[in-house]
$ cat structure.cif   # mmCIF, C-alpha atoms
data_work
loop_
_atom_site.label_atom_id
_atom_site.label_comp_id
_atom_site.auth_asym_id
_atom_site.auth_seq_id
_atom_site.Cartn_x
_atom_site.Cartn_y
_atom_site.Cartn_z
CA MET A 1 94.56 98.28 79.79
CA ARG A 2 97.72 98.48 77.71
CA LEU A 3 95.69 98.57 74.49
CA TYR A 4 92.86 100.91 75.44
CA TYR A 5 93.59 102.96 78.57
CA PHE A 6 94.63 105.99 76.50
CA ALA A 7 92.25 105.33 73.61
CA VAL A 8 88.80 105.56 75.22
CA ASP A 9 86.44 108.32 76.31
CA ASP A 10 84.76 106.49 79.20
CA ASP A 11 86.68 104.26 81.61
CA ILE A 12 84.48 101.92 83.66
CA GLY A 13 87.15 99.27 84.12
CA SER A 14 89.99 100.88 86.11
CA SER A 15 90.57 100.36 89.82
CA GLY A 16 91.30 103.94 90.89
CA VAL A 17 89.54 107.25 91.34
CA GLU A 18 89.47 110.40 89.20
CA ASP A 19 92.97 111.84 88.71
CA TYR A 20 94.11 115.08 90.33
CA SER A 21 96.19 117.71 88.52
CA LEU A 22 99.21 119.56 89.89
CA ALA A 23 97.02 122.66 90.18
CA ASP A 24 94.56 120.62 92.25
CA LEU A 25 97.35 119.45 94.53
CA ARG A 26 98.75 122.93 95.02
CA ALA A 27 95.30 124.30 95.90
CA LEU A 28 94.32 121.44 98.21
CA LEU A 29 97.67 121.21 100.00
CA GLY A 30 98.81 124.84 99.99
CA ILE A 31 101.96 124.28 97.93
CA ASP A 32 103.27 127.57 96.55
CA ALA A 33 105.70 128.26 93.73
CA ASP A 34 108.54 129.15 96.11
CA GLU A 35 108.36 125.68 97.65
CA LEU A 36 108.59 124.05 94.23
CA ASP A 37 111.41 126.40 93.16
CA ALA A 38 113.43 125.41 96.23
CA VAL A 39 113.70 121.78 95.11
CA VAL A 40 117.27 120.80 94.21
CA PHE A 41 117.54 117.83 91.86
CA ARG A 42 120.12 115.84 93.72
CA ASP A 43 119.92 112.14 94.52
CA SER A 44 117.68 110.89 97.28
CA THR A 45 118.53 107.89 99.46
CA SER A 46 117.76 104.27 98.64
CA PHE A 47 114.98 104.11 101.23
CA GLY A 48 113.66 107.61 100.40
CA GLY A 49 114.24 110.99 101.97
CA GLU A 50 113.73 111.32 105.72
CA GLU A 51 110.86 113.81 105.42
CA VAL A 52 108.72 111.66 103.12
CA ARG A 53 109.41 108.49 105.12
CA THR A 54 108.49 110.28 108.32
CA ALA A 55 105.22 111.50 106.81
CA ILE A 56 104.30 108.05 105.49
CA ALA A 57 105.21 106.41 108.80
CA ALA A 58 102.99 108.86 110.67
CA GLN A 59 100.01 108.57 108.31
CA TRP A 60 100.00 104.87 107.39
CA GLY A 61 102.67 103.12 109.46
CA THR A 62 103.93 102.65 112.99
CA GLY A 63 105.51 106.09 113.32
CA ASP A 64 109.00 104.67 112.69
CA PRO A 65 110.48 106.07 109.43
CA ASP A 66 113.26 103.47 109.53
CA ARG A 67 110.63 100.83 108.68
CA VAL A 68 109.60 102.66 105.47
CA MET A 69 110.94 102.42 101.93
CA VAL A 70 109.47 104.76 99.31
CA THR A 71 109.14 103.22 95.85
CA HIS A 72 108.05 103.90 92.26
CA GLY A 73 104.43 102.97 92.85
CA GLY A 74 103.13 100.05 94.81
CA SER A 75 104.19 97.75 91.97
CA GLU A 76 107.88 98.30 92.69
CA ALA A 77 107.31 97.73 96.40
CA ILE A 78 105.56 94.41 95.68
CA TYR A 79 108.35 93.35 93.33
CA LEU A 80 111.16 94.27 95.71
CA VAL A 81 109.54 92.67 98.74
CA LEU A 82 108.49 89.39 97.11
CA SER A 83 111.78 89.05 95.22
CA THR A 84 113.64 89.50 98.52
CA LEU A 85 111.45 87.28 100.70
CA LEU A 86 110.93 84.30 98.42
CA ASP A 87 113.05 81.44 97.15
CA PRO A 88 112.03 79.02 94.39
CA SER A 89 111.16 76.27 96.87
CA ASP A 90 108.79 78.42 98.94
CA ALA A 91 105.02 78.07 99.10
CA VAL A 92 102.99 81.28 98.82
CA VAL A 93 99.29 81.68 99.61
CA VAL A 94 97.39 83.98 97.23
CA THR A 95 93.74 84.79 96.73
CA GLU A 96 91.82 83.79 93.62
CA PRO A 97 90.77 85.89 91.78
CA THR A 98 93.81 88.05 92.35
CA TYR A 99 95.71 91.14 91.28
CA HIS A 100 98.33 89.90 88.83
CA THR A 101 101.54 90.98 90.60
CA HIS A 102 100.51 89.07 93.71
CA THR A 103 100.93 85.82 91.79
CA SER A 104 103.12 86.49 88.75
CA ILE A 105 106.31 87.33 90.66
CA ALA A 106 106.20 84.20 92.82
CA GLN A 107 105.16 82.10 89.84
CA THR A 108 108.07 83.40 87.75
CA MET A 109 110.46 82.56 90.59
CA GLY A 110 109.22 78.97 90.62
CA CYS A 111 107.38 79.13 93.93
CA GLU A 112 104.45 76.90 94.81
CA LEU A 113 101.21 78.90 94.64
CA ARG A 114 98.51 77.86 97.09
CA VAL A 115 95.07 79.28 96.40
CA TRP A 116 92.79 80.87 98.98
CA PRO A 117 89.59 80.96 96.90
CA LEU A 118 87.16 83.87 97.07
CA ARG A 119 83.96 82.18 95.98
CA PRO A 120 81.34 83.91 93.80
CA GLU A 121 78.52 82.01 95.51
CA ASN A 122 79.53 83.84 98.72
CA GLY A 123 79.75 87.22 96.99
CA PHE A 124 83.54 86.70 97.05
CA ARG A 125 83.56 87.16 100.83
CA PRO A 126 86.69 85.50 102.27
CA ASP A 127 86.27 82.28 104.26
CA LEU A 128 89.13 81.80 106.71
CA ALA A 129 88.45 78.07 106.85
CA ASP A 130 89.72 77.92 103.26
CA LEU A 131 92.89 79.75 104.27
CA ARG A 132 93.49 77.36 107.16
CA GLU A 133 93.64 74.46 104.69
CA VAL A 134 96.61 75.93 102.78
CA ILE A 135 98.61 78.07 105.21
CA ASP A 136 100.73 75.47 107.02
CA GLY A 137 104.28 75.38 105.73
CA ALA A 138 103.88 78.48 103.57
CA LYS A 139 106.49 81.26 103.54
CA ALA A 140 104.05 84.12 102.96
CA VAL A 141 100.39 85.02 102.62
CA VAL A 142 99.79 87.79 100.05
CA VAL A 143 96.45 89.63 100.18
CA ASN A 144 94.76 92.94 99.47
CA PHE A 145 91.61 93.97 101.32
CA PRO A 146 89.52 95.68 100.10
CA HIS A 147 90.13 93.32 97.24
CA ASN A 148 90.90 94.00 93.59
CA PRO A 149 88.93 93.09 91.47
CA THR A 150 85.96 91.94 93.55
CA GLY A 151 85.58 94.72 96.14
CA ALA A 152 85.28 92.10 98.89
CA SER A 153 86.90 92.61 102.28
CA LEU A 154 87.28 91.23 105.79
CA THR A 155 85.34 92.20 108.86
CA PRO A 156 87.49 93.55 111.72
CA ALA A 157 87.07 90.22 113.52
CA GLN A 158 88.18 88.30 110.43
CA ARG A 159 91.15 90.60 110.06
CA ASP A 160 92.21 89.79 113.63
CA GLU A 161 91.75 86.06 112.97
CA LEU A 162 93.85 86.30 109.80
CA VAL A 163 96.71 87.93 111.72
CA ALA A 164 96.46 85.27 114.45
CA MET A 165 96.57 82.48 111.85
CA CYS A 166 99.67 83.96 110.23
CA ALA A 167 101.37 84.29 113.62
CA GLU A 168 100.47 80.70 114.50
CA ALA A 169 101.89 79.46 111.18
CA ASP A 170 104.90 81.83 111.47
CA VAL A 171 104.46 83.19 107.94
CA TYR A 172 104.99 86.64 106.49
CA LEU A 173 101.76 88.53 105.87
CA VAL A 174 102.16 90.77 102.82
CA TRP A 175 99.25 93.18 103.20
CA ASP A 176 98.63 95.26 100.08
CA GLN A 177 96.70 98.22 101.47
CA ALA A 178 96.26 100.01 98.13
CA PHE A 179 92.54 100.45 98.87
CA ARG A 180 92.79 100.91 102.64
CA GLU A 181 90.66 104.07 103.02
CA MET A 182 88.27 103.09 100.23
CA VAL A 183 85.50 101.47 102.29
CA VAL A 184 81.81 101.61 101.40
CA GLU A 185 80.72 101.66 105.05
CA GLY A 186 82.50 101.69 108.41
CA SER A 187 86.17 102.32 109.11
CA PRO A 188 89.29 101.05 107.35
CA LEU A 189 90.83 97.85 108.64
CA VAL A 190 93.80 98.17 110.99
CA ASP A 191 97.03 97.54 109.11
CA PRO A 192 98.72 94.38 110.48
CA VAL A 193 102.09 96.17 110.79
CA HIS A 194 100.66 97.54 114.05
CA ASP A 195 100.29 94.16 115.73
CA TYR A 196 102.29 91.52 113.84
CA ASP A 197 106.06 91.65 113.54
CA LYS A 198 106.16 89.65 110.29
CA ALA A 199 103.63 91.87 108.51
CA ILE A 200 104.67 93.89 105.48
CA SER A 201 102.40 96.69 104.30
CA ILE A 202 102.37 97.85 100.67
CA GLY A 203 100.85 101.26 99.92
CA THR A 204 100.35 103.58 96.96
CA LEU A 205 99.05 107.01 95.99
CA SER A 206 97.68 105.60 92.73
CA LYS A 207 94.31 104.16 93.78
CA GLY A 208 92.39 106.19 96.37
CA TYR A 209 94.43 109.37 95.96
CA GLY A 210 94.04 109.97 92.24
CA LEU A 211 97.80 110.27 91.65
CA PRO A 212 98.82 107.25 89.53
CA GLY A 213 101.12 109.37 87.38
CA LEU A 214 103.09 110.55 90.41
CA ARG A 215 104.35 106.96 90.77
CA VAL A 216 104.66 106.85 94.56
CA GLY A 217 104.34 103.70 96.63
CA TRP A 218 105.94 102.35 99.77
CA ALA A 219 106.70 99.29 101.83
CA ILE A 220 106.46 99.29 105.62
CA ALA A 221 108.40 96.27 106.78
CA PRO A 222 110.89 94.85 109.29
CA HIS A 223 114.33 96.39 108.98
CA ASP A 224 115.96 93.19 107.71
CA VAL A 225 113.44 92.87 104.87
CA LEU A 226 114.00 96.44 103.72
CA ARG A 227 117.78 96.07 103.89
CA GLY A 228 117.48 92.90 101.85
CA THR A 229 115.87 94.78 98.96
CA LEU A 230 118.74 97.22 98.46
CA ASP A 231 120.93 95.21 96.07
CA LEU A 232 117.97 94.73 93.75
CA ARG A 233 116.81 98.32 94.04
CA ASP A 234 120.28 99.66 93.31
CA ARG A 235 120.21 97.70 90.04
CA MET A 236 116.79 99.11 89.13
CA THR A 237 115.55 102.55 90.15
CA LEU A 238 117.92 103.69 92.95
CA HIS A 239 115.53 106.30 94.41
CA LEU A 240 112.70 108.74 93.71
CA SER A 241 112.95 112.29 92.41
CA PRO A 242 113.12 114.95 95.16
CA LEU A 243 110.25 116.77 93.45
CA VAL A 244 108.08 113.64 93.66
CA GLU A 245 109.10 113.18 97.29
CA LEU A 246 108.06 116.73 98.13
CA LEU A 247 104.58 116.21 96.67
CA ALA A 248 104.24 112.80 98.32
CA THR A 249 105.20 114.29 101.68
CA ARG A 250 102.50 116.93 101.46
CA VAL A 251 99.91 114.34 100.41
CA ALA A 252 100.81 112.09 103.34
CA GLN A 253 100.56 115.01 105.74
CA HIS A 254 97.06 115.94 104.52
CA ALA A 255 95.75 112.66 103.12
CA ASP A 256 92.08 113.22 103.96
CA ARG A 257 91.94 116.31 101.75
CA LEU A 258 92.48 114.11 98.70
CA VAL A 259 90.87 110.77 99.49
CA GLY A 260 87.72 112.17 101.12
CA PRO A 261 86.23 113.93 98.06
CA ARG A 262 87.14 111.04 95.77
CA MET A 263 85.47 108.46 98.00
CA ASP A 264 82.35 110.62 98.27
CA GLN A 265 82.21 110.60 94.47
CA ALA A 266 82.80 106.84 94.33
CA ARG A 267 79.94 106.19 96.76
CA ARG A 268 77.62 108.30 94.61
CA ASN A 269 78.72 106.32 91.57
CA LEU A 270 78.07 103.08 93.45
CA GLY A 271 74.51 104.25 93.99
CA LEU A 272 74.20 104.78 90.23
CA LEU A 273 75.65 101.31 89.63
CA ARG A 274 73.22 99.62 92.02
CA GLN A 275 70.25 101.28 90.33
CA TRP A 276 71.62 100.44 86.88
CA ALA A 277 72.04 96.77 87.85
CA ALA A 278 68.49 96.69 89.25
CA ASP A 279 67.22 98.13 85.96
CA HIS A 280 69.07 95.47 83.91
CA PRO A 281 68.59 92.13 85.71
CA ASP A 282 68.89 90.21 82.43
CA LEU A 283 72.30 91.72 81.71
CA VAL A 284 74.32 91.58 84.92
CA ASP A 285 74.70 89.77 88.24
CA LEU A 286 76.31 92.38 90.49
CA PRO A 287 78.18 91.35 93.67
CA GLU A 288 77.93 94.00 96.39
CA PRO A 289 81.39 95.54 97.03
CA MET A 290 82.60 96.30 100.56
CA GLY A 291 85.43 98.58 99.47
CA GLY A 292 87.77 99.67 96.75
CA VAL A 293 86.13 101.08 93.64
CA THR A 294 85.69 97.87 91.65
CA THR A 295 83.30 94.99 91.54
CA PHE A 296 83.44 91.73 89.58
CA PRO A 297 80.01 91.18 88.00
CA GLN A 298 78.99 88.38 85.72
CA LEU A 299 77.71 89.43 82.32
CA LEU A 300 74.83 87.03 81.82
CA GLY A 301 74.88 85.02 78.62
CA HIS A 302 78.63 85.43 78.04
CA ALA A 303 80.85 82.38 78.36
CA ASP A 304 83.84 84.67 77.71
CA THR A 305 83.62 88.48 77.89
CA THR A 306 86.97 89.13 76.20
CA ASP A 307 85.68 89.83 72.68
CA PHE A 308 82.80 91.87 74.11
CA CYS A 309 85.27 94.11 75.98
CA HIS A 310 87.42 94.51 72.86
CA ASP A 311 84.35 95.57 70.88
CA LEU A 312 83.26 97.95 73.62
CA ALA A 313 86.63 99.71 73.51
CA ARG A 314 87.11 99.72 69.75
CA GLU A 315 83.59 100.59 68.66
CA HIS A 316 82.33 102.66 71.58
CA ARG A 317 85.53 103.97 73.22
CA THR A 318 84.50 102.52 76.59
CA LEU A 319 86.97 100.58 78.75
CA LEU A 320 85.86 97.48 80.64
CA VAL A 321 88.34 94.79 81.75
CA PRO A 322 87.50 91.18 80.84
CA GLY A 323 87.37 88.66 83.65
CA SER A 324 89.85 86.44 81.83
CA CYS A 325 92.52 88.78 83.25
CA PHE A 326 91.50 87.51 86.70
CA GLY A 327 90.75 83.87 85.98
CA ASP A 328 86.98 84.02 85.30
CA PRO A 329 86.09 84.80 81.67
CA THR A 330 82.35 85.09 82.39
CA ARG A 331 82.95 88.25 84.44
CA VAL A 332 84.32 91.76 84.03
CA ARG A 333 86.10 94.18 86.32
CA LEU A 334 83.83 97.18 86.57
CA GLY A 335 85.32 100.30 88.17
CA TYR A 336 83.13 103.03 89.63
CA GLY A 337 85.74 105.52 90.85
CA GLY A 338 85.85 107.90 87.88
CA PRO A 339 84.02 111.10 86.98
CA SER A 340 80.28 110.59 87.49
CA SER A 341 79.17 111.89 84.08
CA SER A 342 81.60 109.60 82.26
CA PHE A 343 80.68 106.67 84.51
CA ALA A 344 76.96 107.10 83.81
CA ARG A 345 77.65 107.35 80.07
CA GLY A 346 79.79 104.21 80.19
CA LEU A 347 77.02 102.27 81.93
CA GLU A 348 74.55 103.41 79.29
CA THR A 349 76.88 102.18 76.55
CA LEU A 350 77.36 98.88 78.37
CA ALA A 351 73.60 98.39 78.59
CA LEU A 352 73.11 99.10 74.88
CA MET A 353 75.93 96.75 73.88
CA GLY A 354 74.75 94.09 76.31
CA GLU A 355 71.20 94.21 75.02
CA LYS A 356 72.45 94.01 71.43
CA ALA A 357 74.55 90.95 72.25
CA ARG A 358 71.64 89.32 74.10
CA VAL A 359 69.28 89.77 71.13
CA GLN A 360 71.87 88.37 68.72
CA ASN A 361 72.41 85.32 70.89
#
$ encode --input "structure.cif" --output "structure tokens"
Amino acid sequence: MRLYYFAVDDDIGSSGVEDYSLADLRALLGIDADELDAVVFRDSTSFGGEEVRTAIAAQWGTGDPDRVMVTHGGSEAIYLVLSTLLDPSDAVVVTEPTYHTHTSIAQTMGCELRVWPLRPENGFRPDLADLREVIDGAKAVVVNFPHNPTGASLTPAQRDELVAMCAEADVYLVWDQAFREMVVEGSPLVDPVHDYDKAISIGTLSKGYGLPGLRVGWAIAPHDVLRGTLDLRDRMTLHLSPLVELLATRVAQHADRLVGPRMDQARRNLGLLRQWAADHPDLVDLPEPMGGVTTFPQLLGHADTTDFCHDLAREHRTLLVPGSCFGDPTRVRLGYGGPSSSFARGLETLALMGEKARVQN
């Protein structure tokens, strides 16, 4: 991503949806020039301004703004929370494959990582029996469902069982809800902050809302956890810009206006992907995603897709993320949330490159 994100024409590897512009936001949310002109560039508070915290608490939390901290993207929220919760001697349960910040922070701190495996033979569907084997004595369980990169998720019954297991083991449940609304079918899972007092919810406007450049995330957590992050935050970013907070407030107040159209597009793209995979059975083994806008297919005939993905970016200006970034080099992260014309073109390029590699091998 660091090498090629800004150097390609077609992105079929990212985990978000098509980006919105400021003009899009103003039209969708009714933000006029006078409202922007009224912004005064003074400091905000360490937790975030009251209006934006209230809007986030109402849309994604418990309704209590005092349980919300607004951060520079979900990545800062994850860093602040895990750095505050964990000590080097703690055990942390993480999924595998996993999103890198869910493991790298704890690993850097010297924590014991316990793996809850998401198995490809099960389509990466979580098995709570595997979690039960590693949860006892842990300090925290860190998950994101729908899952990045696989697109797997829990059923509502499994979600309830997960919360009950965490309560029984008396562990923190760090619930990264970056893809909460991004479900293929059915309704989003209920965030555990509503029914478990040691749950911590991490959110972002980067993934389903098409606003990664706005850099807005949040943590919804017990008061003592949020207070514990302040020394670290004061040494890092202090607070958000009041202009960013204004835009984030309006997005939170009218979230469906942004996420709805982007998820409609992603579902159409998923239809294209399913047909493409059916048309190329010798190239790809495609797991069926339950949510998010990524899946984690195996590219058949490739022991390691890393060089293939480099060539795809350099020679054909198409971004695909090698599975080595997620612990399985035979696979790739394939993202279907972008513009449909670019997505279709990227799949066509992938098929041509894949067929070329298959013939050469």
$ atom_distance --input "structure.cif" --atom1 "atom CA of Ile202 of chain A" --atom2 "atom CA of Leu243 of chain A"
21.7 Å
$ closest_residue --input "structure.cif" --among "A:Arg215, A:Arg345, A:Arg26, A:His302" --to "Asn269 of chain A" --atoms "all atoms listed in the file"
A:Arg345
$ resolve_selection --input "structure.cif" --expression "the PyMOL selection byres ((chain A and resi 101) around 10)" --output "PyMOL selection string"
chain A and resi 75-76+78-79+82+98-100+102-107
$ atom_distance --input "structure.cif" --atom1 "atom CA of Val40 of chain A" --atom2 "atom CA of Gly61 of chain A"
27.5 Å
$ residues_around --input "structure.cif" --residues "Met182 of chain A" --least-positions-apart "5" --cutoff "9 Å" --atoms "all atoms listed in the file" --output "list in words"
Pro146, Pro188, Lys207, Gly208, Val259, Met263, Ala266, Met290, Gly291, Gly292 and Val293 of chain A
$ write_last_selection --input "structure.cif" --atoms "C-alpha atoms" --output "short mmCIF file (atom, residue, chain, number, x, y, z; two decimals), in the frame of the given file"
data_model
loop_
_atom_site.label_atom_id
_atom_site.label_comp_id
_atom_site.auth_asym_id
_atom_site.auth_seq_id
_atom_site.Cartn_x
_atom_site.Cartn_y
_atom_site.Cartn_z
CA PRO A 146 89.52 95.68 100.10
CA PRO A 188 89.29 101.05 107.35
CA LYS A 207 94.31 104.16 93.78
CA GLY A 208 92.39 106.19 96.37
CA VAL A 259 90.87 110.77 99.49
CA MET A 263 85.47 108.46 98.00
CA ALA A 266 82.80 106.84 94.33
CA MET A 290 82.60 96.30 100.56
CA GLY A 291 85.43 98.58 99.47
CA GLY A 292 87.77 99.67 96.75
CA VAL A 293 86.13 101.08 93.64
#
$ closest_residue --input "structure.cif" --among "A:Val163, A:Leu258, A:Met1, A:Ala152" --to "Leu28 of chain A" --atoms "all atoms listed in the file"
A:Leu258
$ closest_residue --input "structure.cif" --among "A:Val93, A:Cys325, A:Leu312, A:Val183" --to "Asp130 of chain A" --atoms "all atoms listed in the file"
A:Val93
$ resolve_selection --input "structure.cif" --expression "the PyMOL selection byres ((chain A and resi 136) around 12)" --output "PDB file with C-alpha atoms, keeping the file's coordinate frame"
ATOM      1  CA  ASP A  90     108.790  78.420  98.940  1.00  0.00           C
ATOM      2  CA  ALA A  91     105.020  78.070  99.100  1.00  0.00           C
ATOM      3  CA  VAL A  92     102.990  81.280  98.820  1.00  0.00           C
ATOM      4  CA  VAL A  93      99.290  81.680  99.610  1.00  0.00           C
ATOM      5  CA  ARG A 114      98.510  77.860  97.090  1.00  0.00           C
ATOM      6  CA  ASP A 130      89.720  77.920 103.260  1.00  0.00           C
ATOM      7  CA  LEU A 131      92.890  79.750 104.270  1.00  0.00           C
ATOM      8  CA  ARG A 132      93.490  77.360 107.160  1.00  0.00           C
ATOM      9  CA  GLU A 133      93.640  74.460 104.690  1.00  0.00           C
ATOM     10  CA  VAL A 134      96.610  75.930 102.780  1.00  0.00           C
ATOM     11  CA  ILE A 135      98.610  78.070 105.210  1.00  0.00           C
ATOM     12  CA  GLY A 137     104.280  75.380 105.730  1.00  0.00           C
ATOM     13  CA  ALA A 138     103.880  78.480 103.570  1.00  0.00           C
ATOM     14  CA  LYS A 139     106.490  81.260 103.540  1.00  0.00           C
ATOM     15  CA  ALA A 140     104.050  84.120 102.960  1.00  0.00           C
ATOM     16  CA  VAL A 141     100.390  85.020 102.620  1.00  0.00           C
ATOM     17  CA  MET A 165      96.570  82.480 111.850  1.00  0.00           C
ATOM     18  CA  CYS A 166      99.670  83.960 110.230  1.00  0.00           C
ATOM     19  CA  ALA A 167     101.370  84.290 113.620  1.00  0.00           C
ATOM     20  CA  GLU A 168     100.470  80.700 114.500  1.00  0.00           C
ATOM     21  CA  ALA A 169     101.890  79.460 111.180  1.00  0.00           C
ATOM     22  CA  ASP A 170     104.900  81.830 111.470  1.00  0.00           C
ATOM     23  CA  VAL A 171     104.460  83.190 107.940  1.00  0.00           C
ATOM     24  CA  TYR A 172     104.990  86.640 106.490  1.00  0.00           C
TER      25      TYR A 172
END
$ residues_around --input "structure.cif" --residues "Ala77 of chain A" --least-positions-apart "6" --cutoff "12 Å" --atoms "only C-alpha atoms" --output "VMD selection string"
chain A and resid 47 68 to 71 83 to 84 101 to 102 105 174 to 178 200 to 204 215 to 221 225 to 226 229 to 230 232 to 233 237
$ resolve_selection --input "structure.cif" --expression "the PyMOL selection byres ((chain A and resi 351) around 10)" --output "list of chain:residue names"
A:Trp276, A:Ala277, A:Asp279, A:His280, A:Leu283, A:Val284, A:Arg345, A:Gly346, A:Leu347, A:Glu348, A:Thr349, A:Leu350, A:Leu352, A:Met353, A:Gly354, A:Glu355, A:Lys356, A:Ala357
$ atom_distance --input "structure.cif" --atom1 "atom CA of Ser340 of chain A" --atom2 "atom CA of Asp24 of chain A"
18.1 Å
$ closest_residue --input "structure.cif" --among "A:Ser324, A:Ser341, A:Ser206, A:Gln158" --to "Ala303 of chain A" --atoms "only C-alpha atoms"
A:Ser324
